[in-house]
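J.: Handing you this structure, nothing more for now.
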Amino acid sequence: MSTNEEMSLVEHLGELRKRIMWILLVLVIGMVAGLISAKPIIRYLKNIPPADSISWNVFSPWDALRLYMNFGLAVGILITLPVTLYHIWAFVKPGLRETEQKASIIYIPYAFVLFLAGLSFGYWVVFPMAFYFTSSISKSLDITEMYGAAEYFTFMFNIILPLALVFEMPIVVMFLTKIRLLNPKRLHKFRRYAYMLLVILATVITPPDAISAILVALPLIVLYEFSVFMSGFIYRKQLVKDAEWEREFGPK
């Protein structure tokens with residue numbers, strides 16, 4: 001490796017380190033904001049279904065603190081997400097053409113909106129189904145339900161956070177198509193495997209009955225097909241631009 005290449009690698013690593021430090025700084029600030037807002041958020045969630053029908057308990061002196069910290073981290077991640085997406089874009093920007101740079105930065109607000117949509121779908125649709133199903137099992141066995149507050153929210157986060165990440169699929173697919181790492185042909189080729197993975201995910205995070213799994217799997221499959229559609233839209237525009245380039249300058 002030449003000296004210039006070594007310097008270039010060092011510069012890239014230095015830039016990556018700087019961007020990671022900025023992300024961590026925003027995460028810390030977001031966590032502070034989350035800790036401040038944790039109390040009203042927890043009280044609000046406690047007074048709406050399904051939590052309004054149960055009494056919460058703590059089983060160790062650390063549970064209340066752990067609850068605060070979990071919400072602080074969750075709010076911190078939510079606040080940091082747009083900043084993280086921007087720094088990812090800024091880091092890969094030098095490898096993109098000018099038109100791709102302008103187009104790809106538009107993905108950032110949409111990625112944030114889709115993350116919020118995933119959280120909403122997880123909390124208002126999937127989480128109640130899972131909670132009421134597990135609660136019905138306890139009642140059928142004549143078991144007295146006594147929920148720990150920390151365990152309740154851990155159960156909730158374990159459901160809604162994976163769904164929020166899955167809802168980022170269209171943005172990830174569009175971005176990878178934009179930088180030519182993905183195309184609709186590959187997505188069509190791996191469709192059956194994608195369907196299988198989405199059905200498995202829906203089965204894991206929902207009660208073990210077919211109706212619940214289908215209700216969750218269908219939106220995820222629609223999300224995948226929308227990703228394929230958007231990938232095809234971007235890919236066709238790339239083919240048109242490539243053809244124009246070849247007509248004007250010859251083959252690349």
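Letters for chains follow the order of the structure tokens (A, B, ...), residue numbers begin at 1 for each chain, and ligand numbers begin at 1 in the order shown.
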Excluding same-chain residues fewer than 4 positions from region 71-79 of chain A, what lies within 8 Å of it counting only C-alpha atoms, as number ranges by chain?
T.: A: 26-36, 38, 67, 83
J.: Convert the current residue selection to file output with N, CA, C and O atoms, as a PDB file, in the first residue's frame.
T.:
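Result went into out_27.pdb, see below:
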ATOM      1  N   VAL A  26     -24.468  13.547  21.072  1.00  0.00           N
ATOM      2  CA  VAL A  26     -25.914  13.790  20.932  1.00  0.00           C
ATOM      3  C   VAL A  26     -26.700  12.739  21.706  1.00  0.00           C
ATOM      4  O   VAL A  26     -27.745  13.042  22.303  1.00  0.00           O
ATOM      5  N   LEU A  27     -26.200  11.500  21.723  1.00  0.00           N
ATOM      6  CA  LEU A  27     -26.879  10.438  22.481  1.00  0.00           C
ATOM      7  C   LEU A  27     -26.904  10.770  23.968  1.00  0.00           C
ATOM      8  O   LEU A  27     -27.933  10.587  24.632  1.00  0.00           O
ATOM      9  N   VAL A  28     -25.796  11.271  24.504  1.00  0.00           N
ATOM     10  CA  VAL A  28     -25.744  11.639  25.917  1.00  0.00           C
ATOM     11  C   VAL A  28     -26.727  12.775  26.205  1.00  0.00           C
ATOM     12  O   VAL A  28     -27.483  12.735  27.193  1.00  0.00           O
ATOM     13  N   ILE A  29     -26.738  13.786  25.327  1.00  0.00           N
ATOM     14  CA  ILE A  29     -27.686  14.898  25.500  1.00  0.00           C
ATOM     15  C   ILE A  29     -29.128  14.390  25.415  1.00  0.00           C
ATOM     16  O   ILE A  29     -29.998  14.784  26.197  1.00  0.00           O
ATOM     17  N   GLY A  30     -29.379  13.476  24.457  1.00  0.00           N
ATOM     18  CA  GLY A  30     -30.721  12.904  24.321  1.00  0.00           C
ATOM     19  C   GLY A  30     -31.121  12.095  25.530  1.00  0.00           C
ATOM     20  O   GLY A  30     -32.283  12.119  25.951  1.00  0.00           O
ATOM     21  N   MET A  31     -30.156  11.367  26.113  1.00  0.00           N
ATOM     22  CA  MET A  31     -30.459  10.588  27.318  1.00  0.00           C
ATOM     23  C   MET A  31     -30.800  11.496  28.492  1.00  0.00           C
ATOM     24  O   MET A  31     -31.693  11.180  29.286  1.00  0.00           O
ATOM     25  N   VAL A  32     -30.107  12.626  28.595  1.00  0.00           N
ATOM     26  CA  VAL A  32     -30.428  13.588  29.654  1.00  0.00           C
ATOM     27  C   VAL A  32     -31.859  14.099  29.473  1.00  0.00           C
ATOM     28  O   VAL A  32     -32.637  14.169  30.431  1.00  0.00           O
ATOM     29  N   ALA A  33     -32.203  14.444  28.220  1.00  0.00           N
ATOM     30  CA  ALA A  33     -33.580  14.878  27.936  1.00  0.00           C
ATOM     31  C   ALA A  33     -34.568  13.755  28.235  1.00  0.00           C
ATOM     32  O   ALA A  33     -35.672  14.002  28.747  1.00  0.00           O
ATOM     33  N   GLY A  34     -34.163  12.511  27.937  1.00  0.00           N
ATOM     34  CA  GLY A  34     -35.035  11.372  28.213  1.00  0.00           C
ATOM     35  C   GLY A  34     -35.259  11.155  29.693  1.00  0.00           C
ATOM     36  O   GLY A  34     -36.370  10.845  30.120  1.00  0.00           O
ATOM     37  N   LEU A  35     -34.198  11.324  30.477  1.00  0.00           N
ATOM     38  CA  LEU A  35     -34.339  11.169  31.928  1.00  0.00           C
ATOM     39  C   LEU A  35     -35.248  12.246  32.509  1.00  0.00           C
ATOM     40  O   LEU A  35     -36.016  11.993  33.439  1.00  0.00           O
ATOM     41  N   ILE A  36     -35.162  13.456  31.955  1.00  0.00           N
ATOM     42  CA  ILE A  36     -36.018  14.547  32.427  1.00  0.00           C
ATOM     43  C   ILE A  36     -37.487  14.281  32.089  1.00  0.00           C
ATOM     44  O   ILE A  36     -38.393  14.544  32.886  1.00  0.00           O
ATOM     45  N   ALA A  38     -38.808  11.286  31.412  1.00  0.00           N
ATOM     46  CA  ALA A  38     -39.217   9.906  31.685  1.00  0.00           C
ATOM     47  C   ALA A  38     -40.446   9.831  32.581  1.00  0.00           C
ATOM     48  O   ALA A  38     -41.366   9.037  32.329  1.00  0.00           O
ATOM     49  N   LEU A  67     -35.828   1.536  35.235  1.00  0.00           N
ATOM     50  CA  LEU A  67     -36.919   2.027  34.411  1.00  0.00           C
ATOM     51  C   LEU A  67     -36.594   3.412  33.851  1.00  0.00           C
ATOM     52  O   LEU A  67     -36.777   3.686  32.654  1.00  0.00           O
ATOM     53  N   VAL A  83     -29.546  12.393  13.615  1.00  0.00           N
ATOM     54  CA  VAL A  83     -28.134  12.782  13.598  1.00  0.00           C
ATOM     55  C   VAL A  83     -27.270  11.627  13.100  1.00  0.00           C
ATOM     56  O   VAL A  83     -26.342  11.815  12.299  1.00  0.00           O
TER      57      VAL A  83
END
J.: Show me, as a PDB file with C-alpha atoms, in the first residue's frame, the residues that have an atom within 7 Å of Ala213 (chain A) when counting only C-alpha atoms, minus same-chain residues fewer than 6 positions from it.
T.:
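As written to disk, result-v2.pdb reads:
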ATOM      1  CA  ALA A 202     -43.950 -11.915  12.864  1.00  0.00           C
ATOM      2  CA  THR A 203     -44.327 -15.330  14.494  1.00  0.00           C
ATOM      3  CA  THR A 206     -46.711 -12.136  18.255  1.00  0.00           C
TER       4      THR A 206
END
J.: Grab the CA of Ala150 (chain A) to CA of Trp56 (chain A) distance for me, in Å with one decimal place.
T.: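 Separation of CA of Ala150 (chain A) and CA of Trp56 (chain A): 9.0 Å.
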J.: Which residue gives the smallest distance to Ile200 (chain A) among A:Ile143, A:Ile221, A:Leu81, A:Leu182, with only C-alpha atoms counted?
T.: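 Nearest to Ile200 (chain A): A:Ile221.
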J.: Among region 2-219 of chain A, which ones does DSSP place in strand (DSSP E), written as a ChimeraX atom specification?
T.: /A:56-57,147-148
J.: Quick one: contact table of region 79-180 of chain A to region 231-237 of chain A, 10 Å max, nearest atom pair and distance in Å to one decimal per residue, counting only C-alpha atoms, chain and number order, as JSON lines?
T.:
{"residue": "A:Pro170", "atom": "CA", "partner": "A:Ser231", "partner_atom": "CA", "distance": 8.3}
{"residue": "A:Ile171", "atom": "CA", "partner": "A:Ser231", "partner_atom": "CA", "distance": 9.6}
{"residue": "A:Val172", "atom": "CA", "partner": "A:Ser231", "partner_atom": "CA", "distance": 9.9}
{"residue": "A:Val173", "atom": "CA", "partner": "A:Ser231", "partner_atom": "CA", "distance": 6.5}
{"residue": "A:Met174", "atom": "CA", "partner": "A:Ser231", "partner_atom": "CA", "distance": 5.4}
{"residue": "A:Phe175", "atom": "CA", "partner": "A:Ser231", "partner_atom": "CA", "distance": 8.7}
{"residue": "A:Leu176", "atom": "CA", "partner": "A:Ser231", "partner_atom": "CA", "distance": 8.7}
{"residue": "A:Thr177", "atom": "CA", "partner": "A:Ser231", "partner_atom": "CA", "distance": 5.9}
{"residue": "A:Lys178", "atom": "CA", "partner": "A:Ile234", "partner_atom": "CA", "distance": 6.7}
{"residue": "A:Arg180", "atom": "CA", "partner": "A:Tyr235", "partner_atom": "CA", "distance": 8.4}
J.: Restricted to N, CA and C atoms, what would the selected residues look like written as a JSON list (two decimals), in the first residue's frame?
T.:
[["chain", "number", "residue", "atom", "x", "y", "z"],
["A", 170, "PRO", "N", -37.65, 0.19, 3.55],
["A", 170, "PRO", "CA", -37.71, 0.93, 2.28],
["A", 170, "PRO", "C", -36.58, 1.93, 2.10],
["A", 171, "ILE", "N", -36.23, 2.64, 3.17],
["A", 171, "ILE", "CA", -35.17, 3.63, 3.08],
["A", 171, "ILE", "C", -33.82, 2.95, 2.83],
["A", 172, "VAL", "N", -33.57, 1.86, 3.54],
["A", 172, "VAL", "CA", -32.30, 1.14, 3.37],
["A", 172, "VAL", "C", -32.19, 0.60, 1.95],
["A", 173, "VAL", "N", -33.27, 0.02, 1.44],
["A", 173, "VAL", "CA", -33.27, -0.53, 0.09],
["A", 173, "VAL", "C", -33.07, 0.58, -0.94],
["A", 174, "MET", "N", -33.75, 1.70, -0.78],
["A", 174, "MET", "CA", -33.61, 2.82, -1.71],
["A", 174, "MET", "C", -32.18, 3.36, -1.71],
["A", 175, "PHE", "N", -31.60, 3.49, -0.53],
["A", 175, "PHE", "CA", -30.25, 4.01, -0.43],
["A", 175, "PHE", "C", -29.24, 3.06, -1.08],
["A", 176, "LEU", "N", -29.38, 1.76, -0.78],
["A", 176, "LEU", "CA", -28.45, 0.79, -1.36],
["A", 176, "LEU", "C", -28.62, 0.70, -2.88],
["A", 177, "THR", "N", -29.85, 0.91, -3.36],
["A", 177, "THR", "CA", -30.07, 0.96, -4.80],
["A", 177, "THR", "C", -29.42, 2.21, -5.39],
["A", 178, "LYS", "N", -29.53, 3.30, -4.66],
["A", 178, "LYS", "CA", -28.96, 4.56, -5.14],
["A", 178, "LYS", "C", -27.45, 4.48, -5.30],
["A", 180, "ARG", "N", -25.92, 1.75, -5.91],
["A", 180, "ARG", "CA", -25.71, 0.63, -6.84],
["A", 180, "ARG", "C", -25.20, -0.64, -6.16]]
J.: Which residue gives the smallest distance to Leu215 (chain A) among A:Leu65, A:Ile160, A:Val126, A:Leu187, with only C-alpha atoms counted?
T.: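 Nearest candidate to Leu215 (chain A) out of A:Leu65, A:Ile160, A:Val126, A:Leu187: A:Val126.
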J.: Between CA of Glu145 (chain A) and CA of Ala164 (chain A), measure the distance and give it in Å to one decimal.
T.: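 Computing it gives 28.6 Å between the two atoms.
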J.: Just the residues within 9 Å of Leu119 (chain A), please, counting only C-alpha atoms, with nothing from its chain fewer than 5 positions along; format it as an NGL selection string.
T.: :A and (114 or 124 or 160-165 or 167)
